[in-house]
>>> print(open('structure38.txt').read())   # compact mmCIF, C-alpha atoms (C1' of nucleotides)
# COMPACT_ATOMS: atom_id res chain seq x y z
CA MET H 1 7.89 26.54 18.41
CA ALA H 2 11.23 27.36 16.89
CA GLY H 3 11.06 24.15 14.92
CA GLY H 4 9.29 25.32 11.87
CA GLN H 5 7.37 22.26 10.77
CA GLY H 6 4.66 23.87 8.77
CA ARG H 7 6.62 26.71 7.34
CA VAL H 8 6.10 25.82 3.73
CA LEU H 9 5.41 29.39 2.79
CA GLU H 10 8.89 30.37 3.87
CA LEU H 11 10.39 27.99 1.36
CA ALA H 12 7.93 29.06 -1.29
CA VAL H 13 8.75 32.75 -0.85
CA LEU H 14 12.50 32.32 -0.56
CA GLY H 15 12.51 30.00 -3.53
CA SER H 16 10.54 32.42 -5.68
CA LEU H 17 12.75 35.32 -4.71
CA HIS H 18 15.82 33.34 -5.70
CA GLU H 19 15.28 34.14 -9.35
CA THR H 20 13.97 37.73 -9.26
CA SER H 21 12.95 40.38 -6.79
CA LEU H 22 9.21 40.61 -6.39
CA HIS H 23 6.48 42.41 -4.48
CA GLY H 24 3.66 40.69 -2.62
CA TYR H 25 0.97 40.74 -5.25
CA GLU H 26 3.20 39.48 -8.02
CA LEU H 27 4.76 36.95 -5.69
CA ARG H 28 1.39 35.47 -4.94
CA LYS H 29 0.49 35.24 -8.59
CA ARG H 30 3.73 33.51 -9.47
CA LEU H 31 3.43 31.16 -6.56
CA ASN H 32 -0.08 30.15 -7.41
CA ALA H 33 0.87 29.70 -11.05
CA LEU H 34 3.83 27.62 -10.00
CA LEU H 35 1.82 25.36 -7.74
CA GLY H 36 -1.21 25.14 -9.97
CA MET H 37 -3.87 22.79 -8.74
CA PHE H 38 -1.73 21.80 -5.84
CA ARG H 39 -2.44 24.70 -3.54
CA ALA H 40 -2.98 28.45 -3.37
CA PHE H 41 -1.65 30.74 -0.69
CA SER H 42 -3.68 33.72 0.46
CA TYR H 43 -2.64 37.20 1.49
CA GLY H 44 -3.60 36.35 5.02
CA SER H 45 -0.56 34.11 5.18
CA LEU H 46 1.68 35.78 2.62
CA TYR H 47 2.00 39.25 4.13
CA PRO H 48 2.66 38.09 7.67
CA CYS H 49 5.25 35.73 6.25
CA LEU H 50 6.95 38.53 4.35
CA ARG H 51 7.11 40.63 7.50
CA SER H 52 8.55 37.78 9.48
CA LEU H 53 11.15 37.10 6.81
CA LEU H 54 12.02 40.79 6.75
CA GLU H 55 12.47 40.86 10.52
CA GLN H 56 14.69 37.84 10.35
CA GLY H 57 16.81 39.59 7.74
CA LEU H 58 16.26 36.85 5.20
CA ILE H 59 14.76 39.26 2.72
CA ALA H 60 15.17 43.02 2.27
CA GLU H 61 13.41 45.81 0.46
CA ASP H 62 14.72 46.33 -3.01
CA GLN H 63 14.27 49.68 -4.73
CA PRO H 64 12.43 49.21 -8.01
CA ALA H 65 13.98 50.73 -11.12
CA PRO H 66 13.58 54.57 -11.03
CA ALA H 67 11.55 54.49 -14.24
CA ALA H 68 8.99 52.36 -12.51
CA ILE H 69 8.68 54.78 -9.61
CA VAL H 70 7.47 57.68 -11.69
CA GLY H 71 4.26 56.16 -12.89
CA GLY H 72 4.02 53.22 -10.58
CA ARG H 73 1.77 52.97 -7.58
CA SER H 74 3.16 52.12 -4.20
CA LYS H 75 4.66 48.69 -4.08
CA ILE H 76 7.25 47.05 -1.91
CA VAL H 77 9.74 44.95 -3.78
CA TYR H 78 11.65 42.32 -1.84
CA LYS H 79 14.95 40.69 -2.62
CA LEU H 80 16.81 37.80 -1.08
CA THR H 81 19.66 38.63 1.30
CA ALA H 82 22.80 36.54 1.72
CA GLU H 83 21.29 35.03 4.85
CA GLY H 84 18.13 34.33 2.90
CA LYS H 85 20.06 32.42 0.28
CA GLU H 86 21.73 30.44 3.00
CA ARG H 87 18.40 29.65 4.61
CA LEU H 88 16.99 28.63 1.25
CA GLN H 89 19.84 26.21 0.68
CA ASP H 90 19.11 24.87 4.13
CA LEU H 91 15.45 24.32 3.42
CA LEU H 92 16.22 22.68 0.11
CA THR H 93 18.30 20.12 1.96
CA GLN H 94 15.48 19.11 4.28
CA ALA H 95 14.38 15.61 3.40
CA GLY H 96 12.36 14.76 6.50
CA PRO H 97 8.60 14.58 7.04
CA SER H 98 8.31 18.33 6.60
CA ALA H 99 9.17 17.76 2.96
CA TRP H 100 6.79 14.94 2.21
CA GLU H 101 3.63 15.78 4.11
CA ASP H 102 0.54 16.69 2.15
CA GLU H 103 0.76 20.44 2.59
CA SER H 104 4.45 20.78 1.88
CA PHE H 105 5.41 18.11 -0.61
CA GLY H 106 4.20 20.06 -3.63
CA VAL H 107 6.22 23.11 -2.67
CA HIS H 108 9.39 21.11 -2.24
CA PHE H 109 8.71 19.36 -5.51
CA ALA H 110 8.15 22.64 -7.30
CA PHE H 111 11.71 23.67 -6.42
CA PHE H 112 13.32 20.35 -7.22
CA ARG H 113 15.52 21.90 -9.87
CA HIS H 114 17.41 23.59 -7.03
CA THR H 115 17.55 20.42 -4.95
CA GLU H 116 20.32 17.86 -4.87
CA ALA H 117 19.57 14.57 -6.57
CA GLU H 118 19.98 12.58 -3.38
CA VAL H 119 17.59 14.78 -1.45
CA ARG H 120 15.07 14.60 -4.26
CA LEU H 121 15.11 10.85 -4.09
CA ARG H 122 14.68 10.78 -0.33
CA ILE H 123 11.73 13.14 -0.46
CA LEU H 124 10.07 11.13 -3.18
CA GLU H 125 10.58 7.89 -1.27
CA GLY H 126 9.49 9.46 1.99
CA ARG H 127 6.26 10.63 0.47
CA ARG H 128 5.65 7.26 -1.07
CA SER H 129 6.04 5.38 2.20
CA ARG H 130 3.91 8.01 3.93
CA LEU H 131 1.11 7.39 1.45
CA GLU H 132 1.50 3.64 1.68
CA GLU H 133 1.17 3.77 5.45
CA ARG H 134 -2.07 5.68 5.14
CA LEU H 135 -3.27 3.34 2.46
CA ASP H 136 -2.63 0.37 4.74
CA SER H 137 -4.36 1.85 7.73
CA VAL H 138 -7.40 2.94 5.74
CA ARG H 139 -7.64 -0.39 3.95
CA THR H 140 -7.62 -2.40 7.17
CA ALA H 141 -10.08 -0.01 8.81
CA LEU H 142 -12.27 -0.35 5.76
CA ALA H 143 -12.11 -4.14 5.76
CA ARG H 144 -13.22 -4.13 9.38
CA THR H 145 -16.26 -1.90 8.87
CA ARG H 146 -17.14 -2.46 5.24
CA GLU H 147 -20.54 -4.06 5.82
CA ARG H 148 -21.69 -1.23 8.07
CA LEU H 149 -21.07 1.47 5.50
CA ASP H 150 -23.61 2.76 3.02
CA SER H 151 -22.97 2.98 -0.70
CA TYR H 152 -22.07 6.67 -0.68
CA THR H 153 -19.41 6.24 1.96
CA LEU H 154 -18.09 3.20 0.16
CA GLU H 155 -17.89 5.21 -3.03
CA LEU H 156 -16.00 7.96 -1.24
CA GLN H 157 -13.57 5.42 0.19
CA ARG H 158 -13.07 3.82 -3.19
CA HIS H 159 -12.38 7.11 -4.92
CA GLY H 160 -10.05 8.23 -2.16
CA LEU H 161 -8.06 5.03 -2.26
CA GLU H 162 -7.78 5.11 -6.02
CA SER H 163 -6.55 8.69 -6.00
CA VAL H 164 -3.81 7.88 -3.55
CA GLU H 165 -2.90 4.68 -5.34
CA ARG H 166 -2.58 6.77 -8.45
CA GLU H 167 -0.21 9.16 -6.71
CA VAL H 168 1.88 6.23 -5.52
CA ARG H 169 2.19 5.00 -9.10
CA TRP H 170 3.21 8.50 -10.15
CA LEU H 171 5.87 8.58 -7.44
CA ASN H 172 7.15 5.19 -8.55
CA GLU H 173 7.68 6.51 -12.04
CA LEU H 174 9.44 9.59 -10.76
CA ILE H 175 11.67 7.54 -8.50
CA ALA H 176 12.56 5.22 -11.34
CA THR H 177 13.44 8.20 -13.50
CA GLU H 178 15.58 9.74 -10.77
CA ARG H 179 17.41 6.47 -10.26
CA ARG H 180 18.05 6.08 -13.95
CA ALA H 181 19.33 9.64 -14.18
CA SER H 182 21.71 9.25 -11.26
CA GLN H 183 23.20 6.11 -12.74
CA GLU H 184 24.19 7.90 -15.89
CA PRO H 185 27.60 9.25 -14.81
CA VAL H 186 30.30 9.98 -17.34
CA ARG H 187 29.08 7.95 -20.18
CA ASP H 188 31.04 8.30 -23.37
CA THR H 189 29.88 7.14 -26.75
CA THR H 190 27.68 4.37 -25.48
CA SER H 191 24.02 4.32 -26.36
CA THR H 192 22.53 7.03 -24.18
CA ASP H 193 18.86 6.73 -25.01
CA GLU H 194 18.01 10.04 -23.39
CA MET F 1 -18.66 35.13 12.65
CA ALA F 2 -22.02 33.54 13.16
CA GLY F 3 -21.95 32.36 9.57
CA GLY F 4 -20.27 29.03 9.97
CA GLN F 5 -18.48 28.55 6.69
CA GLY F 6 -15.78 26.17 7.73
CA ARG F 7 -17.67 24.30 10.37
CA VAL F 8 -17.37 20.91 8.77
CA LEU F 9 -16.63 19.25 12.06
CA GLU F 10 -20.00 20.30 13.40
CA LEU F 11 -21.74 18.40 10.64
CA ALA F 12 -19.40 15.47 11.05
CA VAL F 13 -20.06 15.19 14.78
CA LEU F 14 -23.79 15.78 14.60
CA GLY F 15 -24.07 13.33 11.72
CA SER F 16 -22.15 10.63 13.57
CA LEU F 17 -24.18 11.11 16.71
CA HIS F 18 -27.38 10.70 14.73
CA GLU F 19 -27.04 6.95 14.73
CA THR F 20 -25.61 6.24 18.20
CA SER F 21 -24.35 8.06 21.25
CA LEU F 22 -20.59 8.22 21.37
CA HIS F 23 -17.67 9.56 23.40
CA GLY F 24 -14.83 11.60 21.97
CA TYR F 25 -12.29 8.89 21.38
CA GLU F 26 -14.72 6.54 19.67
CA LEU F 27 -16.22 9.42 17.74
CA ARG F 28 -12.87 10.30 16.29
CA LYS F 29 -12.17 6.72 15.29
CA ARG F 30 -15.52 6.37 13.56
CA LEU F 31 -15.14 9.68 11.84
CA ASN F 32 -11.72 8.89 10.51
CA ALA F 33 -12.89 5.46 9.38
CA LEU F 34 -15.86 7.06 7.70
CA LEU F 35 -13.80 9.64 5.84
CA GLY F 36 -10.91 7.34 5.02
CA MET F 37 -8.29 8.94 2.82
CA PHE F 38 -10.31 12.07 2.53
CA ARG F 39 -9.36 13.66 5.84
CA ALA F 40 -8.65 13.04 9.51
CA PHE F 41 -9.75 15.26 12.36
CA SER F 42 -7.57 15.68 15.42
CA TYR F 43 -8.42 16.02 19.09
CA GLY F 44 -7.30 19.59 18.92
CA SER F 45 -10.42 20.35 16.92
CA LEU F 46 -12.72 17.62 18.12
CA TYR F 47 -12.83 18.41 21.83
CA PRO F 48 -13.31 22.15 21.44
CA CYS F 49 -16.06 21.36 18.97
CA LEU F 50 -17.77 19.02 21.42
CA ARG F 51 -17.66 21.68 24.09
CA SER F 52 -19.08 24.28 21.78
CA LEU F 53 -21.85 21.94 20.70
CA LEU F 54 -22.60 21.18 24.34
CA GLU F 55 -22.80 24.87 25.20
CA GLN F 56 -25.14 25.44 22.30
CA GLY F 57 -27.35 22.66 23.57
CA LEU F 58 -27.04 20.70 20.37
CA ILE F 59 -25.63 17.69 22.16
CA ALA F 60 -25.93 16.50 25.77
CA GLU F 61 -24.19 14.07 28.06
CA ASP F 62 -25.70 10.63 27.93
CA GLN F 63 -25.25 8.24 30.84
CA PRO F 64 -23.60 5.05 29.66
CA ALA F 65 -25.25 1.76 30.61
CA PRO F 66 -24.66 1.04 34.36
CA ALA F 67 -22.84 -2.19 33.52
CA ALA F 68 -20.29 -0.21 31.62
CA ILE F 69 -19.71 2.15 34.53
CA VAL F 70 -18.49 -0.53 36.91
CA GLY F 71 -15.42 -1.59 35.02
CA GLY F 72 -15.16 1.26 32.58
CA ARG F 73 -12.78 4.15 32.88
CA SER F 74 -14.04 7.67 32.81
CA LYS F 75 -15.65 8.57 29.54
CA ILE F 76 -18.18 11.16 28.51
CA VAL F 77 -20.83 9.90 26.18
CA TYR F 78 -22.70 12.44 24.10
CA LYS F 79 -26.09 12.19 22.49
CA LEU F 80 -27.94 14.38 20.05
CA THR F 81 -30.61 16.68 21.48
CA ALA F 82 -33.79 17.69 19.69
CA GLU F 83 -32.14 20.98 18.77
CA GLY F 84 -29.14 19.05 17.54
CA LYS F 85 -31.29 16.98 15.25
CA GLU F 86 -32.86 20.13 13.92
CA ARG F 87 -29.46 21.68 13.34
CA LEU F 88 -28.29 18.54 11.59
CA GLN F 89 -31.25 18.62 9.24
CA ASP F 90 -30.38 22.22 8.59
CA LEU F 91 -26.78 21.44 7.74
CA LEU F 92 -27.82 18.57 5.50
CA THR F 93 -29.91 21.01 3.50
CA GLN F 94 -27.00 23.35 2.81
CA ALA F 95 -26.11 23.14 -0.85
CA GLY F 96 -23.94 26.24 -1.17
CA PRO F 97 -20.16 26.61 -1.44
CA SER F 98 -19.74 25.41 2.13
CA ALA F 99 -20.85 22.01 0.89
CA TRP F 100 -18.64 21.75 -2.15
CA GLU F 101 -15.34 23.27 -1.11
CA ASP F 102 -12.34 21.01 -0.77
CA GLU F 103 -12.36 20.69 2.99
CA SER F 104 -16.06 20.10 3.39
CA PHE F 105 -17.27 18.25 0.32
CA GLY F 106 -16.16 14.84 1.56
CA VAL F 107 -17.98 15.26 4.85
CA HIS F 108 -21.20 16.24 3.16
CA PHE F 109 -20.78 13.37 0.75
CA ALA F 110 -20.20 10.91 3.57
CA PHE F 111 -23.64 11.74 4.94
CA PHE F 112 -25.44 11.71 1.61
CA ARG F 113 -27.73 8.92 2.72
CA HIS F 114 -29.38 11.44 5.03
CA THR F 115 -29.53 14.13 2.36
CA GLU F 116 -32.41 14.86 0.02
CA ALA F 117 -31.90 13.85 -3.58
CA GLU F 118 -32.23 17.37 -4.86
CA VAL F 119 -29.62 18.70 -2.46
CA ARG F 120 -27.27 15.86 -3.33
CA LEU F 121 -27.48 16.79 -6.96
CA ARG F 122 -26.84 20.46 -6.30
CA ILE F 123 -23.80 19.70 -4.17
CA LEU F 124 -22.38 17.39 -6.78
CA GLU F 125 -22.92 19.93 -9.53
CA GLY F 126 -21.60 22.75 -7.41
CA ARG F 127 -18.41 20.87 -6.74
CA ARG F 128 -18.04 20.00 -10.38
CA SER F 129 -18.32 23.58 -11.55
CA ARG F 130 -15.99 24.67 -8.76
CA LEU F 131 -13.36 22.23 -10.01
CA GLU F 132 -13.92 23.22 -13.62
CA GLU F 133 -13.37 26.86 -12.76
CA ARG F 134 -10.08 26.03 -11.13
CA LEU F 135 -9.13 23.83 -14.04
CA ASP F 136 -9.78 26.67 -16.44
CA SER F 137 -7.82 29.22 -14.49
CA VAL F 138 -4.87 26.93 -14.01
CA ARG F 139 -4.87 25.83 -17.63
CA THR F 140 -4.82 29.38 -18.94
CA ALA F 141 -2.16 30.41 -16.43
CA LEU F 142 -0.15 27.40 -17.49
CA ALA F 143 -0.48 28.17 -21.19
CA ARG F 144 0.82 31.67 -20.50
CA THR F 145 3.92 30.59 -18.61
CA ARG F 146 4.59 27.10 -19.91
CA GLU F 147 7.93 27.85 -21.52
CA ARG F 148 9.34 29.44 -18.38
CA LEU F 149 8.70 26.40 -16.23
CA ASP F 150 11.16 23.61 -15.60
CA SER F 151 10.33 19.95 -16.10
CA TYR F 152 9.60 19.26 -12.42
CA THR F 153 7.08 22.04 -12.18
CA LEU F 154 5.52 20.95 -15.43
CA GLU F 155 5.25 17.42 -14.11
CA LEU F 156 3.57 18.71 -10.94
CA GLN F 157 1.12 20.71 -12.99
CA ARG F 158 0.36 17.75 -15.21
CA HIS F 159 -0.28 15.43 -12.30
CA GLY F 160 -2.41 18.00 -10.53
CA LEU F 161 -4.53 18.64 -13.58
CA GLU F 162 -5.01 14.96 -14.23
CA SER F 163 -6.08 14.32 -10.65
CA VAL F 164 -8.71 17.00 -10.80
CA GLU F 165 -9.88 15.93 -14.23
CA ARG F 166 -10.28 12.48 -12.78
CA GLU F 167 -12.42 13.83 -9.97
CA VAL F 168 -14.58 15.67 -12.47
CA ARG F 169 -15.14 12.44 -14.37
CA TRP F 170 -16.06 10.76 -11.10
CA LEU F 171 -18.55 13.52 -10.35
CA ASN F 172 -20.03 13.17 -13.81
CA GLU F 173 -20.72 9.51 -13.18
CA LEU F 174 -22.26 10.24 -9.81
CA ILE F 175 -24.44 12.97 -11.27
CA ALA F 176 -25.60 10.70 -14.07
CA THR F 177 -26.49 8.03 -11.54
CA GLU F 178 -28.37 10.51 -9.38
CA ARG F 179 -30.31 11.77 -12.38
CA ARG F 180 -31.19 8.29 -13.49
CA ALA F 181 -32.38 7.43 -10.00
CA SER F 182 -34.52 10.54 -9.69
CA GLN F 183 -36.16 9.99 -13.07
CA GLU F 184 -37.52 6.67 -12.05
CA PRO F 185 -40.77 7.95 -10.47
CA VAL F 186 -44.12 7.95 -12.29
CA ARG F 187 -43.20 9.17 -15.70
CA ASP F 188 -45.97 9.72 -18.21
CA THR F 189 -45.25 10.18 -21.88
CA THR F 190 -44.11 13.81 -22.03
CA SER F 191 -40.57 14.67 -23.09
CA THR F 192 -39.42 16.82 -20.22
CA ASP F 193 -35.95 17.89 -21.20
CA GLU F 194 -35.44 19.80 -17.98
C1' DC O 1 4.54 -12.22 38.98
C1' DT O 2 5.87 -7.89 37.27
C1' DC O 3 6.44 -4.26 34.64
C1' DA O 4 6.63 -2.02 30.15
C1' DG O 5 4.29 -0.72 26.30
C1' DG O 6 0.23 0.04 23.73
C1' DA O 7 -4.63 1.09 23.39
C1' DT O 8 -8.16 3.85 25.54
C1' DG O 9 -9.60 8.28 27.20
C1' DT O 10 -9.96 13.59 28.06
C1' DA O 11 -8.01 17.97 27.46
C1' DT O 12 -5.14 22.25 26.18
C1' DC O 13 -1.81 25.37 23.85
C1' DG O 14 0.68 27.54 20.21
C1' DG O 15 0.69 28.50 15.68
C1' DC O 16 -0.44 28.39 10.82
C1' DT O 17 -3.60 29.40 7.23
C1' DC O 18 -7.82 30.90 5.23
C1' DG O 19 -11.75 33.86 3.99
C1' DA O 20 -13.49 38.22 4.46
C1' DT O 21 -12.64 42.70 4.52
C1' DA O 22 -10.80 47.43 4.11
C1' DC O 23 -8.29 50.72 1.77
C1' DA O 24 -6.16 53.02 -2.36
C1' DT O 25 -4.60 53.67 -7.25
C1' DC O 26 -4.53 52.73 -12.17
C1' DG O 27 -6.17 51.69 -16.91
C1' DA O 28 -9.82 50.91 -20.05
C1' DC O 29 -14.18 51.36 -21.84
C1' DG O 30 -18.53 53.43 -22.67
C1' DC Q 1 -16.70 61.51 -16.69
C1' DG Q 2 -17.80 57.70 -14.14
C1' DT Q 3 -17.29 53.13 -12.98
C1' DC Q 4 -15.58 48.65 -13.10
C1' DG Q 5 -11.89 45.37 -12.81
C1' DA Q 6 -7.08 44.62 -12.05
C1' DT Q 7 -3.33 45.96 -9.13
C1' DG Q 8 -1.54 46.60 -4.54
C1' DT Q 9 -0.84 46.39 0.82
C1' DA Q 10 -2.61 44.98 5.08
C1' DT Q 11 -5.34 43.04 9.18
C1' DC Q 12 -8.71 40.25 11.86
C1' DG Q 13 -11.44 36.42 13.46
C1' DA Q 14 -11.89 31.76 13.42
C1' DG Q 15 -10.95 26.91 12.32
C1' DC Q 16 -7.97 23.27 12.52
C1' DC Q 17 -3.66 20.73 13.33
C1' DG Q 18 0.38 18.77 15.84
C1' DA Q 19 2.38 18.20 19.98
C1' DT Q 20 1.80 17.40 24.40
C1' DA Q 21 0.22 16.05 29.08
C1' DC Q 22 -1.92 13.03 32.02
C1' DA Q 23 -4.47 8.90 33.58
C1' DT Q 24 -6.29 4.10 33.29
C1' DC Q 25 -6.74 -0.49 31.35
C1' DC Q 26 -5.03 -4.72 29.04
C1' DT Q 27 -1.62 -7.79 27.29
C1' DG Q 28 2.37 -10.27 26.96
C1' DA Q 29 7.42 -10.88 27.50
C1' DG Q 30 10.77 -11.84 30.85
>>> encode(input="structure38.txt", output="structure tokens")
Amino acid sequence: MAGGQGRVLELAVLGSLHETSLHGYELRKRLNALLGMFRAFSYGSLYPCLRSLLEQGLIAEDQPAPAAIVGGRSKIVYKLTAEGKERLQDLLTQAGPSAWEDESFGVHFAFFRHTEAEVRLRILEGRRSRLEERLDSVRTALARTRERLDSYTLELQRHGLESVEREVRWLNELIATERRASQEPVRDTTSTDE
Amino acid sequence: MAGGQGRVLELAVLGSLHETSLHGYELRKRLNALLGMFRAFSYGSLYPCLRSLLEQGLIAEDQPAPAAIVGGRSKIVYKLTAEGKERLQDLLTQAGPSAWEDESFGVHFAFFRHTEAEVRLRILEGRRSRLEERLDSVRTALARTRERLDSYTLELQRHGLESVEREVRWLNELIATERRASQEPVRDTTSTDE
DNA sequence: CTCAGGATGTATCGGCTCGATACATCGACG
DNA sequence: CGTCGATGTATCGAGCCGATACATCCTGAG
């Protein structure tokens, strides 16, 4: 569909290219370093994405510095086009489910420095309520079937719930920090305990 | 390929059907209750999987009790065949990467009560070393680029690392418990330090 | 009593992503 | 001089998801 629900990679690529021009291999390394434990994209998704972005005119081939050509092996360096920058701004404004689902939240978060404060807050809160919904539904399902489950399954449930509860606590801290930061408008010589 | 690396659903379905015969809808509910926060399968994967299993002769249609037919709406109840049971035993013996990767570990774990003690231990240890590898690679990558990262990315990295470290600790406890349990058989007075 | 909405139920389609794989070149090290 | 690992681009098959469609049953509000 033209929607583009799961197109996290698009944001990831456009966002990475915002700073510097890059070629596929390097792009992947940077991306995976940026996202750390959160997720790792493979070539199987990266290269098709680059082609698609190229066809859409959101990125373009950028000639590497002449010096690099001499000794360098064949590489294709991409840069962001004007349309690409526009699209990136667009994606950074998205604050709906596509920004707080499991697969995409981390990518949006990783580019928060380019995101407006209000959007950041909405994404954070959206993710939190998403997790709390899941927590609720799993907890009630668990309460209903608890006695029929063996100890391994119970242990899995417990660990899963705790992990998510931990993420909710993390989100709460982040939200509190965001709120505090946004309330700090022009503040002259009062005690700013930064 | 005939390999079957990512065929977690197959194990999940076969394992669920081991206890009772079930139809798709109920199967999905049970599965999602069983796996809790860990993961949720959709119909888009469940029904194709059921068909494939049926074609392979691993499951078969089971006539529901006549009483249920009268008032019941159309449902297709599946049961495990002899070959299915065999295949299930086979899958429960797998202790390689397919049992400890992110997407599959939880499913294998959820059926641990049907798994041999030795296999359980190997899966647990395999997952632990898998996570430790990732931890290492992310930590070194992070150390190399720390100063170039903004505070949001750093925060994401920190949270990600802590989550995985937490899972490693959890695995350590489980492994210790497993070891303790397996050392409880007839033990004469030799110091067998593995 | 009626009808709408929600749970139960089966099924498919498009699309994304991964893992494996195939090439090819470069630098380093023995 | 050979080979091994990092660099680099690219594709393919397969698994899984989300959305969607369609049909029946039950419940409860009007």
>>> atom_distance(input="structure38.txt", atom1="atom CA of Leu121 of chain H", atom2="atom CA of Arg139 of chain F")
28.4 Å
>>> closest_residue(input="structure38.txt", among="O:DA11, O:DC16, O:DC29, O:DA22", to="chain F", atoms="only C-alpha atoms (C1' of nucleotides)")
O:DA11
>>> residues_around(input="structure38.txt", residues="Glu26 of chain F", least_positions_apart="5", cutoff="10 Å", atoms="all atoms listed in the file", output="NGL selection string")
(:F and (21 or 31-32 or 77)) or (:O and (8-9))
>>> closest_atom_pairs(input="structure38.txt", of="chain H", to="chain F", cutoff="9 Å", atoms="only C-alpha atoms", output="CSV")
residue,atom,partner,partner_atom,distance
H:Asn32,CA,F:Val138,CA,8.8
H:Ala33,CA,F:Ala141,CA,6.2
H:Leu34,CA,F:Thr153,CA,6.8
H:Leu35,CA,F:Gln157,CA,7.0
H:Gly36,CA,F:Val138,CA,5.7
H:Met37,CA,F:Gly160,CA,5.3
H:Phe38,CA,F:Gly160,CA,6.1
H:Gly106,CA,F:Leu156,CA,7.5
H:Phe109,CA,F:Tyr152,CA,7.0
H:Ala110,CA,F:Thr153,CA,5.0
H:Phe111,CA,F:Thr153,CA,7.6
H:Phe112,CA,F:Tyr152,CA,6.5
H:Arg113,CA,F:Tyr152,CA,7.0
H:Arg134,CA,F:Met37,CA,7.4
H:Leu135,CA,F:Met37,CA,7.5
H:Ser137,CA,F:Gly36,CA,9.0
H:Val138,CA,F:Gly36,CA,5.7
H:Arg139,CA,F:Gly36,CA,8.5
H:Ala141,CA,F:Ala33,CA,6.2
H:Leu142,CA,F:Ala33,CA,6.9
H:Thr145,CA,F:Ala33,CA,8.1
H:Leu149,CA,F:Leu34,CA,8.0
H:Asp150,CA,F:Arg113,CA,7.4
H:Ser151,CA,F:Arg113,CA,8.3
H:Tyr152,CA,F:Ala110,CA,6.3
H:Thr153,CA,F:Ala110,CA,5.0
H:Leu154,CA,F:Ala110,CA,8.7
H:Leu156,CA,F:Ala110,CA,7.0
H:Gln157,CA,F:Gly36,CA,5.8
H:His159,CA,F:Trp170,CA,8.1
H:Gly160,CA,F:Met37,CA,5.3
H:Leu161,CA,F:Met37,CA,6.4
H:Ser163,CA,F:Ser163,CA,7.3
H:Val164,CA,F:Met37,CA,7.9
H:Arg166,CA,F:Ser163,CA,8.6
H:Glu167,CA,F:His159,CA,8.4
H:Trp170,CA,F:His159,CA,8.1
>>> calpha_fit_rmsd(input="structure38.txt", fixed="chain F", moving="chain H")
3.2 Å
>>> closest_residue(input="structure38.txt", among="F:Glu103, F:Glu83, F:Glu116, F:Glu19", to="chain O", atoms="all atoms listed in the file")
F:Glu103
>>> interface_residues(input="structure38.txt", of="chain O", to="chain H", cutoff="12 Å", atoms="only C-alpha atoms (C1' of nucleotides)", output="short mmCIF file (atom, residue, chain, number, x, y, z; two decimals) with C-alpha atoms (C1' of nucleotides), keeping the file's coordinate frame")
data_model
loop_
_atom_site.label_atom_id
_atom_site.label_comp_id
_atom_site.auth_asym_id
_atom_site.auth_seq_id
_atom_site.Cartn_x
_atom_site.Cartn_y
_atom_site.Cartn_z
"C1'" DC O 13 -1.81 25.37 23.85
"C1'" DG O 14 0.68 27.54 20.21
"C1'" DG O 15 0.69 28.50 15.68
"C1'" DC O 16 -0.44 28.39 10.82
"C1'" DT O 17 -3.60 29.40 7.23
"C1'" DC O 18 -7.82 30.90 5.23
"C1'" DG O 19 -11.75 33.86 3.99
"C1'" DA O 20 -13.49 38.22 4.46
"C1'" DT O 21 -12.64 42.70 4.52
"C1'" DA O 24 -6.16 53.02 -2.36
"C1'" DT O 25 -4.60 53.67 -7.25
"C1'" DC O 26 -4.53 52.73 -12.17
#
>>> closest_atom_pairs(input="structure38.txt", of="chain Q", to="chain F", cutoff="12 Å", atoms="all atoms listed in the file", output="JSON lines")
{"residue": "Q:DC12", "atom": "C1'", "partner": "F:Met1", "partner_atom": "CA", "distance": 11.2}
{"residue": "Q:DG13", "atom": "C1'", "partner": "F:Met1", "partner_atom": "CA", "distance": 7.4}
{"residue": "Q:DA14", "atom": "C1'", "partner": "F:Met1", "partner_atom": "CA", "distance": 7.6}
{"residue": "Q:DG15", "atom": "C1'", "partner": "F:Gly6", "partner_atom": "CA", "distance": 6.7}
{"residue": "Q:DC16", "atom": "C1'", "partner": "F:Ser45", "partner_atom": "CA", "distance": 5.8}
{"residue": "Q:DC17", "atom": "C1'", "partner": "F:Ser42", "partner_atom": "CA", "distance": 6.7}
{"residue": "Q:DG18", "atom": "C1'", "partner": "F:Gly44", "partner_atom": "CA", "distance": 8.3}
{"residue": "Q:DA19", "atom": "C1'", "partner": "F:Gly44", "partner_atom": "CA", "distance": 9.8}
{"residue": "Q:DT20", "atom": "C1'", "partner": "F:Gly44", "partner_atom": "CA", "distance": 10.8}
{"residue": "Q:DA23", "atom": "C1'", "partner": "F:Arg73", "partner_atom": "CA", "distance": 9.6}
{"residue": "Q:DT24", "atom": "C1'", "partner": "F:Arg73", "partner_atom": "CA", "distance": 6.5}
{"residue": "Q:DC25", "atom": "C1'", "partner": "F:Arg73", "partner_atom": "CA", "distance": 7.8}
>>> atom_distance(input="structure38.txt", atom1="atom CA of Glu125 of chain F", atom2="atom CA of Leu88 of chain F")
21.8 Å
>>> residues_near_point(input="structure38.txt", point="(20.3, 30.9, 4.1)", cutoff="12 Å", atoms="all atoms listed in the file", output="JSON, numbers by chain")
{"H": [10, 11, 14, 15, 18, 53, 56, 57, 58, 59, 80, 81, 82, 83, 84, 85, 86, 87, 88, 89, 90, 91, 92, 93]}
>>> residues_around(input="structure38.txt", residues="segment 179-183 of chain F", least_positions_apart="3", cutoff="8 Å", atoms="all atoms listed in the file", output="count of residues only")
5
